[in-house]
Amino acid sequence: MLRDHAGRLVLVACSGGPDSLALAATVAFVAPRCGVSAGLVTVDHGLQAGSAERARDVAGWAARAGFDPVETVAVEVGAEGGPEAAARTARYAALTRAARRHRAAAVLLGHTRDDQAETVLLALARGAGPAGLSGMPPARQVDGVPVLRPLLDVGREQTRAACVALGLTPWTDPHNTDPAYTRARVRADVLPALVDALGAAVVTNLARTATLVAADNAALDGLADAASAQAATPGGGLTVPVLAELPDAVRTRVLHRWALRLGAPAGALAYRHVTALDSLVMRWRGQRAVHLPGGIEVRRAGGELSAGSADGGPVAKRATVRLGRGTDPPAEVVPEGRGVTEAAPPGHRLHPQAGLLQ
């Protein structure tokens with residue numbers, strides 16, 4: 001992975017926890033041998049006493065280990081979506097800004113195979129579609145910045161063993177063991193119970209499921225993208241007859257993406273909304289308009305669906321569309337509260353809980 005960025009800079013995101021610290025130590029050793037420059041960014045979320053001191057300690061270690069540049073970035077965590085999602089949003093914004101500032105080729109994150117298994121379990125509990133069950137991708141773009149997870153095939157016990165072998169003292173984030181957070185409960189109670197009942201291989205098997213489902217999900221997305229072009233009209237619409245011929249898994253992707261393009265907020269758009277839209281196409285009996293989040297009304301007239309605002313005004317530039325396959329990537333649903341929330345639409349990506357400050 002590092003060899004792909006020879007002659008360029010990569011940034012390691014490091015909280016000082018065992019996973020990201022093991023990743024940083026590995027990159028410090030491997031990067032020079034691959035002709036890659038390595039910097040490090042540690043984010044201070046300001047969520048607990050001593051967080052600024054912890055960030056300074058990580059930065060001091062990074063400088064001694066040869067990272068350049070080394071940055072400590074303090075962020076203000078909002079409240080939207082709950083504390084975990086808000087921390088994740090602030091963290092990723094800080095990391096992508098740092099990457100652009102230093103013209104880095106990529107940002108490296110320390111998520112492990114265990115994190116992937118937890119993500120799959122959380123998605124299963126919420127009734128997620130294929131995108132949610134795909135877990136965390138090894139590589140993705142965040143605001144135009146490549147974000148890589150090179151440790152997804154590495155177990156958490158290996159990162160801890162690496163820290164011991166290298167004489168490193170990792171920081172333990174109290175949020176990762178706080179039962180107020182869903183992921184923390186999965187980590188402390190649910191996954192260990194599964195390991196006890198089914199054996200240690202369950203962690204690897206769950207992570208492998210994410211890889212297999214991700215491949216299938218990419219294929220379905222490709223089918224949706226291709227059909228979108230076939231069904232599109234000059235006015236930006238898509239025809240109901242074309243949509244009706246599509247397989248369910250493709251059609252629901254189309255409806256979900258279309259709703260997002262109309263302006264429905266991603267965090268509020270739920271399975272029931274997509275199902276209601278699908279009823280206008282596949283179970284049409286002259287029913288009334290479907291109301292989407294964001295004050296959007298969708299009506300069927302003849303062979304097409306029209307979208308307008310609930311007060312009769314336009315949606316954006318007044319979208320009258322015939323349904324078809326969309327091209328936008330699936331949005332993310334941010335779960336609220338402590339428990340399992342409503343399922344996302346098929347193909348919809350769920351936020352992995354953001355309690356991992358790595």
# chains A, B, ... in the order shown; residues from 1 in each chain; ligands from 1
>>> residues_around(residues="Gln116 of chain A", least_positions_apart="2", cutoff="12 Å", atoms="only C-alpha atoms", output="JSON, numbers by chain")
{"A": [110, 111, 112, 113, 114, 118, 119, 120, 121, 122, 123, 132, 133, 134, 135, 136, 137, 138, 149, 151, 152, 153, 154, 155, 156, 183, 186, 187, 191, 202, 203, 204, 205, 206, 207, 208, 209, 210, 211, 352, 353, 356]}
>>> write_last_selection(atoms="C-alpha atoms", output="CSV table (one decimal), in the first residue's frame")
chain,number,residue,atom,x,y,z
A,110,GLY,CA,-5.8,2.3,12.4
A,111,HIS,CA,-9.1,0.3,12.2
A,112,THR,CA,-8.5,-3.4,12.6
A,113,ARG,CA,-10.3,-6.7,11.8
A,114,ASP,CA,-12.1,-6.5,15.2
A,118,GLU,CA,-18.1,-4.9,15.3
A,119,THR,CA,-19.3,-2.7,12.4
A,120,VAL,CA,-20.9,-5.7,10.6
A,121,LEU,CA,-22.7,-6.7,13.9
A,122,LEU,CA,-24.0,-3.2,14.3
A,123,ALA,CA,-25.2,-3.1,10.7
A,132,GLY,CA,-24.0,-1.3,5.7
A,133,LEU,CA,-23.0,-4.9,5.8
A,134,SER,CA,-19.9,-4.0,3.6
A,135,GLY,CA,-18.4,-2.5,6.7
A,136,MET,CA,-15.5,-0.1,6.4
A,137,PRO,CA,-13.8,0.0,3.0
A,138,PRO,CA,-10.0,-0.4,2.9
A,149,ARG,CA,-7.2,1.4,6.4
A,151,LEU,CA,-4.9,-2.9,9.3
A,152,LEU,CA,-8.3,-4.3,8.4
A,153,ASP,CA,-6.7,-7.8,8.1
A,154,VAL,CA,-4.9,-7.4,11.4
A,155,GLY,CA,-6.4,-8.4,14.7
A,156,ARG,CA,-6.6,-6.1,17.7
A,183,ARG,CA,-20.1,0.1,19.9
A,186,VAL,CA,-20.8,-4.6,21.3
A,187,ARG,CA,-17.0,-4.7,22.0
A,191,LEU,CA,-18.6,-9.9,20.4
A,202,VAL,CA,-16.2,-15.6,14.3
A,203,VAL,CA,-14.2,-12.3,14.2
A,204,THR,CA,-12.4,-13.2,11.0
A,205,ASN,CA,-15.6,-14.6,9.5
A,206,LEU,CA,-17.6,-11.4,10.2
A,207,ALA,CA,-14.8,-9.3,8.7
A,208,ARG,CA,-14.7,-11.6,5.6
A,209,THR,CA,-18.5,-11.2,5.2
A,210,ALA,CA,-17.9,-7.4,4.9
A,211,THR,CA,-15.4,-8.1,2.1
A,352,PRO,CA,-20.0,2.9,11.9
A,353,GLN,CA,-20.2,4.2,15.4
A,356,LEU,CA,-13.0,4.8,18.0
>>> closest_atom_pairs(of="segment 87-107 of chain A", to="segment 66-69 of chain A", cutoff="12 Å", atoms="only C-alpha atoms", output="tab-separated table")
residue	atom	partner	partner_atom	distance
A:Ala98	CA	A:Pro69	CA	10.1
A:Ala99	CA	A:Pro69	CA	10.8
A:Arg101	CA	A:Pro69	CA	10.9
A:His102	CA	A:Pro69	CA	8.3
A:Arg103	CA	A:Pro69	CA	11.4
A:Ala104	CA	A:Pro69	CA	10.5
>>> closest_residue(among="A:Pro247, A:Gly60, A:Pro18, A:Pro241", to="Leu305 of chain A", atoms="only C-alpha atoms")
A:Pro241
>>> select_by_dssp(residues="segment 127-343 of chain A", states="helix (DSSP H, G or I)", output="compact mmCIF listing (two decimals) with N, CA and C atoms, in the first residue's frame")
# COMPACT_ATOMS: atom_id res chain seq x y z
N PRO A 130 -26.95 -4.08 1.89
CA PRO A 130 -25.59 -4.52 1.54
C PRO A 130 -24.50 -3.48 1.82
N ALA A 131 -24.81 -2.21 1.62
CA ALA A 131 -23.77 -1.21 1.86
C ALA A 131 -23.37 -1.16 3.33
N GLY A 132 -24.35 -1.27 4.23
CA GLY A 132 -24.03 -1.30 5.65
C GLY A 132 -23.25 -2.54 6.03
N LEU A 133 -23.64 -3.69 5.46
CA LEU A 133 -22.96 -4.94 5.76
C LEU A 133 -21.57 -5.01 5.12
N ARG A 156 -6.89 -7.08 16.67
CA ARG A 156 -6.58 -6.15 17.75
C ARG A 156 -5.52 -6.70 18.69
N GLU A 157 -5.53 -8.02 18.89
CA GLU A 157 -4.52 -8.61 19.77
C GLU A 157 -3.12 -8.44 19.19
N GLN A 158 -3.02 -8.37 17.85
CA GLN A 158 -1.72 -8.18 17.21
C GLN A 158 -1.20 -6.75 17.40
N THR A 159 -2.10 -5.78 17.34
CA THR A 159 -1.63 -4.40 17.54
C THR A 159 -1.17 -4.19 18.98
N ARG A 160 -1.88 -4.82 19.91
CA ARG A 160 -1.46 -4.69 21.31
C ARG A 160 -0.13 -5.40 21.54
N ALA A 161 0.04 -6.56 20.93
CA ALA A 161 1.31 -7.27 21.06
C ALA A 161 2.44 -6.47 20.44
N ALA A 162 2.17 -5.78 19.34
CA ALA A 162 3.20 -4.96 18.70
C ALA A 162 3.64 -3.83 19.62
N CYS A 163 2.67 -3.20 20.30
CA CYS A 163 3.02 -2.12 21.22
C CYS A 163 3.90 -2.64 22.36
N VAL A 164 3.57 -3.82 22.88
CA VAL A 164 4.38 -4.40 23.95
C VAL A 164 5.79 -4.69 23.45
N ALA A 165 5.88 -5.30 22.27
CA ALA A 165 7.19 -5.66 21.72
C ALA A 165 8.06 -4.44 21.46
N PRO A 174 -11.31 6.22 27.21
CA PRO A 174 -12.42 5.77 28.06
C PRO A 174 -13.73 5.61 27.32
N HIS A 175 -13.90 6.32 26.19
CA HIS A 175 -15.14 6.18 25.42
C HIS A 175 -15.26 4.79 24.81
N ASN A 176 -14.12 4.15 24.56
CA ASN A 176 -14.16 2.82 23.95
C ASN A 176 -14.63 1.75 24.91
N THR A 177 -14.71 2.06 26.20
CA THR A 177 -15.20 1.09 27.18
C THR A 177 -16.41 1.60 27.95
N THR A 182 -23.05 2.42 22.01
CA THR A 182 -23.45 1.13 21.45
C THR A 182 -22.25 0.27 21.06
N ARG A 183 -21.29 0.88 20.36
CA ARG A 183 -20.14 0.09 19.92
C ARG A 183 -19.36 -0.43 21.11
N ALA A 184 -19.26 0.34 22.16
CA ALA A 184 -18.53 -0.13 23.34
C ALA A 184 -19.19 -1.36 23.94
N ARG A 185 -20.54 -1.39 23.93
CA ARG A 185 -21.23 -2.57 24.44
C ARG A 185 -21.04 -3.77 23.54
N VAL A 186 -21.03 -3.54 22.24
CA VAL A 186 -20.76 -4.63 21.32
C VAL A 186 -19.36 -5.18 21.56
N ARG A 187 -18.41 -4.30 21.76
CA ARG A 187 -17.02 -4.71 21.97
C ARG A 187 -16.84 -5.47 23.28
N ALA A 188 -17.48 -4.98 24.33
CA ALA A 188 -17.26 -5.57 25.65
C ALA A 188 -18.12 -6.80 25.91
N ASP A 189 -19.31 -6.85 25.33
CA ASP A 189 -20.26 -7.90 25.69
C ASP A 189 -20.64 -8.80 24.52
N VAL A 190 -21.09 -8.20 23.41
CA VAL A 190 -21.69 -8.99 22.33
C VAL A 190 -20.65 -9.83 21.60
N LEU A 191 -19.58 -9.19 21.12
CA LEU A 191 -18.58 -9.95 20.36
C LEU A 191 -17.88 -11.00 21.22
N PRO A 192 -17.49 -10.70 22.47
CA PRO A 192 -16.92 -11.77 23.30
C PRO A 192 -17.88 -12.94 23.52
N ALA A 193 -19.19 -12.66 23.64
CA ALA A 193 -20.16 -13.73 23.81
C ALA A 193 -20.21 -14.61 22.57
N LEU A 194 -20.14 -13.99 21.40
CA LEU A 194 -20.12 -14.77 20.17
C LEU A 194 -18.85 -15.61 20.06
N VAL A 195 -17.73 -15.04 20.46
CA VAL A 195 -16.47 -15.80 20.43
C VAL A 195 -16.56 -16.99 21.38
N ASP A 196 -17.12 -16.79 22.57
CA ASP A 196 -17.27 -17.89 23.52
C ASP A 196 -18.16 -18.99 22.96
N ALA A 197 -19.23 -18.58 22.27
CA ALA A 197 -20.19 -19.56 21.78
C ALA A 197 -19.76 -20.22 20.48
N LEU A 198 -19.09 -19.47 19.61
CA LEU A 198 -18.81 -19.97 18.26
C LEU A 198 -17.33 -20.14 17.96
N ALA A 201 -12.80 -17.77 15.52
CA ALA A 201 -12.88 -17.51 14.08
C ALA A 201 -14.05 -16.61 13.71
N VAL A 202 -14.99 -16.39 14.63
CA VAL A 202 -16.15 -15.58 14.30
C VAL A 202 -15.74 -14.15 13.94
N VAL A 203 -14.68 -13.65 14.54
CA VAL A 203 -14.23 -12.28 14.22
C VAL A 203 -13.75 -12.22 12.77
N THR A 204 -12.91 -13.16 12.40
CA THR A 204 -12.42 -13.20 11.02
C THR A 204 -13.56 -13.43 10.04
N ASN A 205 -14.50 -14.29 10.41
CA ASN A 205 -15.61 -14.59 9.51
C ASN A 205 -16.51 -13.38 9.28
N LEU A 206 -16.77 -12.62 10.34
CA LEU A 206 -17.58 -11.41 10.18
C LEU A 206 -16.88 -10.40 9.29
N ALA A 207 -15.58 -10.24 9.50
CA ALA A 207 -14.82 -9.31 8.66
C ALA A 207 -14.80 -9.78 7.21
N ARG A 208 -14.70 -11.09 7.00
CA ARG A 208 -14.72 -11.61 5.63
C ARG A 208 -16.08 -11.37 4.98
N THR A 209 -17.15 -11.49 5.77
CA THR A 209 -18.48 -11.19 5.24
C THR A 209 -18.53 -9.79 4.66
N ALA A 210 -17.92 -8.83 5.37
CA ALA A 210 -17.89 -7.45 4.87
C ALA A 210 -17.22 -7.38 3.51
N THR A 211 -16.13 -8.09 3.33
CA THR A 211 -15.41 -8.07 2.06
C THR A 211 -16.25 -8.67 0.94
N LEU A 212 -16.92 -9.79 1.22
CA LEU A 212 -17.73 -10.46 0.21
C LEU A 212 -18.93 -9.61 -0.18
N VAL A 213 -19.60 -9.05 0.82
CA VAL A 213 -20.79 -8.24 0.53
C VAL A 213 -20.40 -6.96 -0.20
N ALA A 214 -19.24 -6.40 0.13
CA ALA A 214 -18.80 -5.18 -0.54
C ALA A 214 -18.65 -5.40 -2.04
N ALA A 215 -18.15 -6.56 -2.44
CA ALA A 215 -18.00 -6.86 -3.87
C ALA A 215 -19.37 -6.94 -4.55
N ASP A 216 -20.31 -7.61 -3.89
CA ASP A 216 -21.66 -7.69 -4.45
C ASP A 216 -22.31 -6.32 -4.51
N ASN A 217 -22.11 -5.53 -3.49
CA ASN A 217 -22.70 -4.20 -3.44
C ASN A 217 -22.17 -3.31 -4.56
N ALA A 218 -20.86 -3.43 -4.83
CA ALA A 218 -20.28 -2.64 -5.91
C ALA A 218 -20.87 -3.03 -7.25
N ALA A 219 -21.14 -4.33 -7.43
CA ALA A 219 -21.74 -4.78 -8.68
C ALA A 219 -23.16 -4.22 -8.83
N LEU A 220 -23.95 -4.24 -7.75
CA LEU A 220 -25.30 -3.68 -7.80
C LEU A 220 -25.28 -2.19 -8.07
N ASP A 221 -24.33 -1.49 -7.47
CA ASP A 221 -24.21 -0.06 -7.73
C ASP A 221 -23.89 0.21 -9.19
N GLY A 222 -23.03 -0.65 -9.75
CA GLY A 222 -22.70 -0.49 -11.17
C GLY A 222 -23.91 -0.68 -12.07
N LEU A 223 -24.74 -1.68 -11.74
CA LEU A 223 -25.97 -1.89 -12.50
C LEU A 223 -26.89 -0.68 -12.39
N ALA A 224 -26.98 -0.12 -11.19
CA ALA A 224 -27.83 1.05 -11.00
C ALA A 224 -27.32 2.24 -11.79
N ASP A 225 -26.02 2.42 -11.82
CA ASP A 225 -25.45 3.54 -12.57
C ASP A 225 -25.74 3.41 -14.07
N ALA A 226 -25.56 2.20 -14.60
CA ALA A 226 -25.77 2.00 -16.03
C ALA A 226 -27.23 2.22 -16.42
N ALA A 227 -28.15 1.73 -15.61
CA ALA A 227 -29.57 1.87 -15.93
C ALA A 227 -30.04 3.30 -15.81
N SER A 228 -29.38 4.08 -14.96
CA SER A 228 -29.76 5.49 -14.81
C SER A 228 -29.63 6.22 -16.13
N ALA A 229 -28.53 5.95 -16.83
CA ALA A 229 -28.32 6.62 -18.12
C ALA A 229 -29.37 6.17 -19.13
N GLN A 230 -29.76 4.91 -19.07
CA GLN A 230 -30.74 4.40 -20.02
C GLN A 230 -32.12 5.00 -19.79
N ALA A 231 -32.46 5.25 -18.56
CA ALA A 231 -33.81 5.71 -18.23
C ALA A 231 -33.94 7.22 -18.19
N VAL A 240 -41.34 5.58 -15.07
CA VAL A 240 -41.85 4.51 -14.21
C VAL A 240 -41.79 3.16 -14.92
N PRO A 241 -42.18 3.05 -16.20
CA PRO A 241 -42.09 1.75 -16.85
C PRO A 241 -40.69 1.15 -16.84
N VAL A 242 -39.69 2.00 -17.04
CA VAL A 242 -38.31 1.50 -16.98
C VAL A 242 -37.99 1.02 -15.58
N LEU A 243 -38.38 1.80 -14.58
CA LEU A 243 -38.10 1.44 -13.20
C LEU A 243 -38.78 0.13 -12.82
N ALA A 244 -39.99 -0.05 -13.30
CA ALA A 244 -40.76 -1.23 -12.94
C ALA A 244 -40.13 -2.51 -13.44
N ASP A 248 -35.62 -5.67 -7.70
CA ASP A 248 -35.90 -4.91 -6.48
C ASP A 248 -34.65 -4.23 -5.92
N ALA A 249 -33.55 -4.96 -5.87
CA ALA A 249 -32.33 -4.42 -5.26
C ALA A 249 -31.81 -3.20 -5.99
N VAL A 250 -32.02 -3.16 -7.31
CA VAL A 250 -31.58 -2.02 -8.10
C VAL A 250 -32.59 -0.88 -7.99
N ARG A 251 -33.87 -1.23 -8.06
CA ARG A 251 -34.91 -0.20 -8.02
C ARG A 251 -34.88 0.59 -6.71
N THR A 252 -34.69 -0.11 -5.58
CA THR A 252 -34.68 0.62 -4.31
C THR A 252 -33.46 1.53 -4.19
N ARG A 253 -32.37 1.14 -4.80
CA ARG A 253 -31.21 2.04 -4.84
C ARG A 253 -31.55 3.31 -5.61
N VAL A 254 -32.23 3.12 -6.74
CA VAL A 254 -32.63 4.26 -7.56
C VAL A 254 -33.51 5.22 -6.76
N LEU A 255 -34.50 4.68 -6.09
CA LEU A 255 -35.43 5.51 -5.35
C LEU A 255 -34.74 6.26 -4.22
N HIS A 256 -33.86 5.56 -3.53
CA HIS A 256 -33.15 6.19 -2.42
C HIS A 256 -32.27 7.33 -2.90
N ARG A 257 -31.53 7.10 -3.96
CA ARG A 257 -30.63 8.14 -4.47
C ARG A 257 -31.42 9.31 -5.05
N TRP A 258 -32.50 8.99 -5.71
CA TRP A 258 -33.33 10.05 -6.26
C TRP A 258 -33.86 10.95 -5.15
N ALA A 259 -34.32 10.35 -4.06
CA ALA A 259 -34.81 11.14 -2.93
C ALA A 259 -33.72 12.05 -2.37
N LEU A 260 -32.51 11.56 -2.31
CA LEU A 260 -31.39 12.40 -1.85
C LEU A 260 -31.15 13.56 -2.80
N ARG A 261 -31.24 13.29 -4.10
CA ARG A 261 -31.01 14.37 -5.07
C ARG A 261 -32.10 15.43 -5.00
N LEU A 262 -33.29 15.01 -4.60
CA LEU A 262 -34.37 15.97 -4.42
C LEU A 262 -34.15 16.88 -3.22
N TYR A 271 -36.00 3.67 5.61
CA TYR A 271 -36.52 2.55 4.84
C TYR A 271 -37.99 2.76 4.47
N ARG A 272 -38.78 3.28 5.41
CA ARG A 272 -40.21 3.45 5.14
C ARG A 272 -40.46 4.44 4.01
N HIS A 273 -39.58 5.44 3.86
CA HIS A 273 -39.75 6.41 2.79
C HIS A 273 -39.50 5.77 1.43
N VAL A 274 -38.44 4.96 1.36
CA VAL A 274 -38.12 4.29 0.10
C VAL A 274 -39.21 3.28 -0.24
N THR A 275 -39.72 2.58 0.75
CA THR A 275 -40.80 1.63 0.52
C THR A 275 -42.05 2.34 0.00
N ALA A 276 -42.34 3.51 0.55
CA ALA A 276 -43.51 4.27 0.08
C ALA A 276 -43.33 4.71 -1.36
N LEU A 277 -42.13 5.16 -1.72
CA LEU A 277 -41.86 5.52 -3.10
C LEU A 277 -42.02 4.31 -4.02
N ASP A 278 -41.53 3.18 -3.56
CA ASP A 278 -41.61 1.97 -4.36
C ASP A 278 -43.07 1.57 -4.60
N SER A 279 -43.93 1.86 -3.62
CA SER A 279 -45.35 1.55 -3.79
C SER A 279 -45.97 2.38 -4.92
N LEU A 280 -45.50 3.59 -5.12
CA LEU A 280 -46.02 4.40 -6.22
C LEU A 280 -45.70 3.77 -7.57
N VAL A 281 -44.63 2.99 -7.61
CA VAL A 281 -44.22 2.37 -8.86
C VAL A 281 -44.81 0.97 -9.02
N MET A 282 -44.67 0.16 -7.99
CA MET A 282 -45.01 -1.27 -8.10
C MET A 282 -46.38 -1.64 -7.55
>>> select_by_dssp(residues="segment 114-175 of chain A", states="strand (DSSP E or B)", output="list of chain:residue names")
A:Ala139, A:Arg140, A:Gln141, A:Val142, A:Val145, A:Pro146, A:Val147, A:Leu148
>>> write_last_selection(atoms="C-alpha atoms", output="CSV table (one decimal), in the first residue's frame")
chain,number,residue,atom,x,y,z
A,139,ALA,CA,-9.8,2.7,0.8
A,140,ARG,CA,-12.3,5.5,0.2
A,141,GLN,CA,-12.4,9.2,-0.7
A,142,VAL,CA,-13.4,11.6,2.0
A,145,VAL,CA,-8.8,12.9,0.2
A,146,PRO,CA,-7.9,9.1,-0.1
A,147,VAL,CA,-8.4,7.5,3.3
A,148,LEU,CA,-6.8,4.1,3.8
>>> atom_distance(atom1="atom CA of Glu297 of chain A", atom2="atom CA of Leu269 of chain A")
13.3 Å
>>> residues_around(residues="segment 42-54 of chain A", least_positions_apart="2", cutoff="10 Å", atoms="only C-alpha atoms", output="MDAnalysis selection string")
chainID A and resid 12:16 20 40 56:60 62 70:77 83 87:88 90:92 94:95 171 173:175 357:358
>>> write_last_selection(atoms="C-alpha atoms", output="tab-separated table (two decimals), in the first residue's frame")
chain	number	residue	atom	x	y	z
A	12	VAL	CA	-1.03	8.73	9.88
A	13	ALA	CA	-4.01	9.56	12.09
A	14	CYS	CA	-2.96	8.59	15.60
A	15	SER	CA	-4.91	8.94	18.84
A	16	GLY	CA	-2.23	7.24	20.88
A	20	SER	CA	-3.21	3.66	15.70
A	40	LEU	CA	1.34	12.28	11.72
A	56	ARG	CA	1.02	16.63	23.04
A	57	ASP	CA	2.49	13.33	24.24
A	58	VAL	CA	1.54	11.62	20.96
A	59	ALA	CA	3.02	14.49	18.97
A	60	GLY	CA	6.24	14.36	20.99
A	62	ALA	CA	5.91	11.12	16.66
A	70	VAL	CA	3.62	16.38	13.08
A	71	GLU	CA	0.40	18.20	13.96
A	72	THR	CA	-1.87	18.40	16.97
A	73	VAL	CA	-5.30	19.60	15.92
A	74	ALA	CA	-7.94	20.66	18.43
A	75	VAL	CA	-11.52	20.37	17.22
A	76	GLU	CA	-14.90	21.41	18.53
A	77	VAL	CA	-17.32	18.49	18.61
A	83	PRO	CA	-21.62	12.36	20.43
A	87	ALA	CA	-16.75	13.32	17.08
A	88	ARG	CA	-16.21	11.31	13.92
A	90	ALA	CA	-15.05	16.66	13.47
A	91	ARG	CA	-12.14	14.23	13.31
A	92	TYR	CA	-12.48	13.47	9.61
A	94	ALA	CA	-9.58	17.88	10.68
A	95	LEU	CA	-7.74	15.02	8.99
A	171	TRP	CA	-3.48	5.45	25.64
A	173	ASP	CA	-9.75	5.97	25.33
A	174	PRO	CA	-12.42	5.77	28.06
A	175	HIS	CA	-15.14	6.18	25.42
A	357	LEU	CA	-10.89	7.91	18.26
A	358	GLN	CA	-8.11	6.43	16.17
>>> residues_around(residues="Phe29 of chain A", least_positions_apart="5", cutoff="12 Å", atoms="only C-alpha atoms", output="VMD selection string")
chain A and resid 2 22 to 24 34 to 38 65 to 67 166
>>> write_last_selection(atoms="N, CA and C atoms", output="short mmCIF file (atom, residue, chain, number, x, y, z; two decimals), in the first residue's frame")
data_model
loop_
_atom_site.label_atom_id
_atom_site.label_comp_id
_atom_site.auth_asym_id
_atom_site.auth_seq_id
_atom_site.Cartn_x
_atom_site.Cartn_y
_atom_site.Cartn_z
N LEU A 2 1.91 1.29 0.83
CA LEU A 2 2.78 2.47 0.88
C LEU A 2 3.57 2.63 -0.41
N ALA A 22 0.32 1.34 16.93
CA ALA A 22 1.01 0.26 16.21
C ALA A 22 1.12 0.59 14.73
N LEU A 23 0.06 1.17 14.16
CA LEU A 23 0.12 1.57 12.76
C LEU A 23 1.21 2.62 12.55
N ALA A 24 1.25 3.62 13.43
CA ALA A 24 2.25 4.67 13.29
C ALA A 24 3.66 4.11 13.38
N CYS A 34 10.27 2.46 1.58
CA CYS A 34 9.45 2.48 0.37
C CYS A 34 9.57 3.81 -0.37
N GLY A 35 10.43 4.69 0.11
CA GLY A 35 10.57 5.99 -0.52
C GLY A 35 9.40 6.92 -0.27
N VAL A 36 8.73 6.71 0.86
CA VAL A 36 7.55 7.52 1.20
C VAL A 36 7.86 8.39 2.41
N SER A 37 7.44 9.64 2.36
CA SER A 37 7.54 10.52 3.52
C SER A 37 6.30 10.32 4.39
N ALA A 38 6.50 10.35 5.70
CA ALA A 38 5.38 10.08 6.62
C ALA A 38 5.24 11.20 7.64
N ALA A 65 10.09 9.80 16.64
CA ALA A 65 10.09 8.63 15.76
C ALA A 65 10.41 8.99 14.32
N GLY A 66 10.53 10.28 14.01
CA GLY A 66 10.94 10.70 12.68
C GLY A 66 9.82 11.17 11.78
N PHE A 67 8.62 11.33 12.31
CA PHE A 67 7.52 11.83 11.47
C PHE A 67 7.72 13.32 11.21
N LEU A 166 7.43 -3.33 21.11
CA LEU A 166 8.19 -2.11 20.78
C LEU A 166 8.38 -1.20 21.98
#
>>> atom_distance(atom1="atom CA of Arg283 of chain A", atom2="atom CA of Gly303 of chain A")
13.3 Å
>>> atom_distance(atom1="atom CA of Asp115 of chain A", atom2="atom CA of Gly17 of chain A")
13.4 Å
>>> closest_residue(among="A:Gly39, A:Ala86, A:Leu108, A:Arg100", to="Gly144 of chain A", atoms="only C-alpha atoms")
A:Arg100
>>> closest_residue(among="A:Ala55, A:Ala85, A:Ala93, A:Ala106", to="Asp4 of chain A", atoms="only C-alpha atoms")
A:Ala106
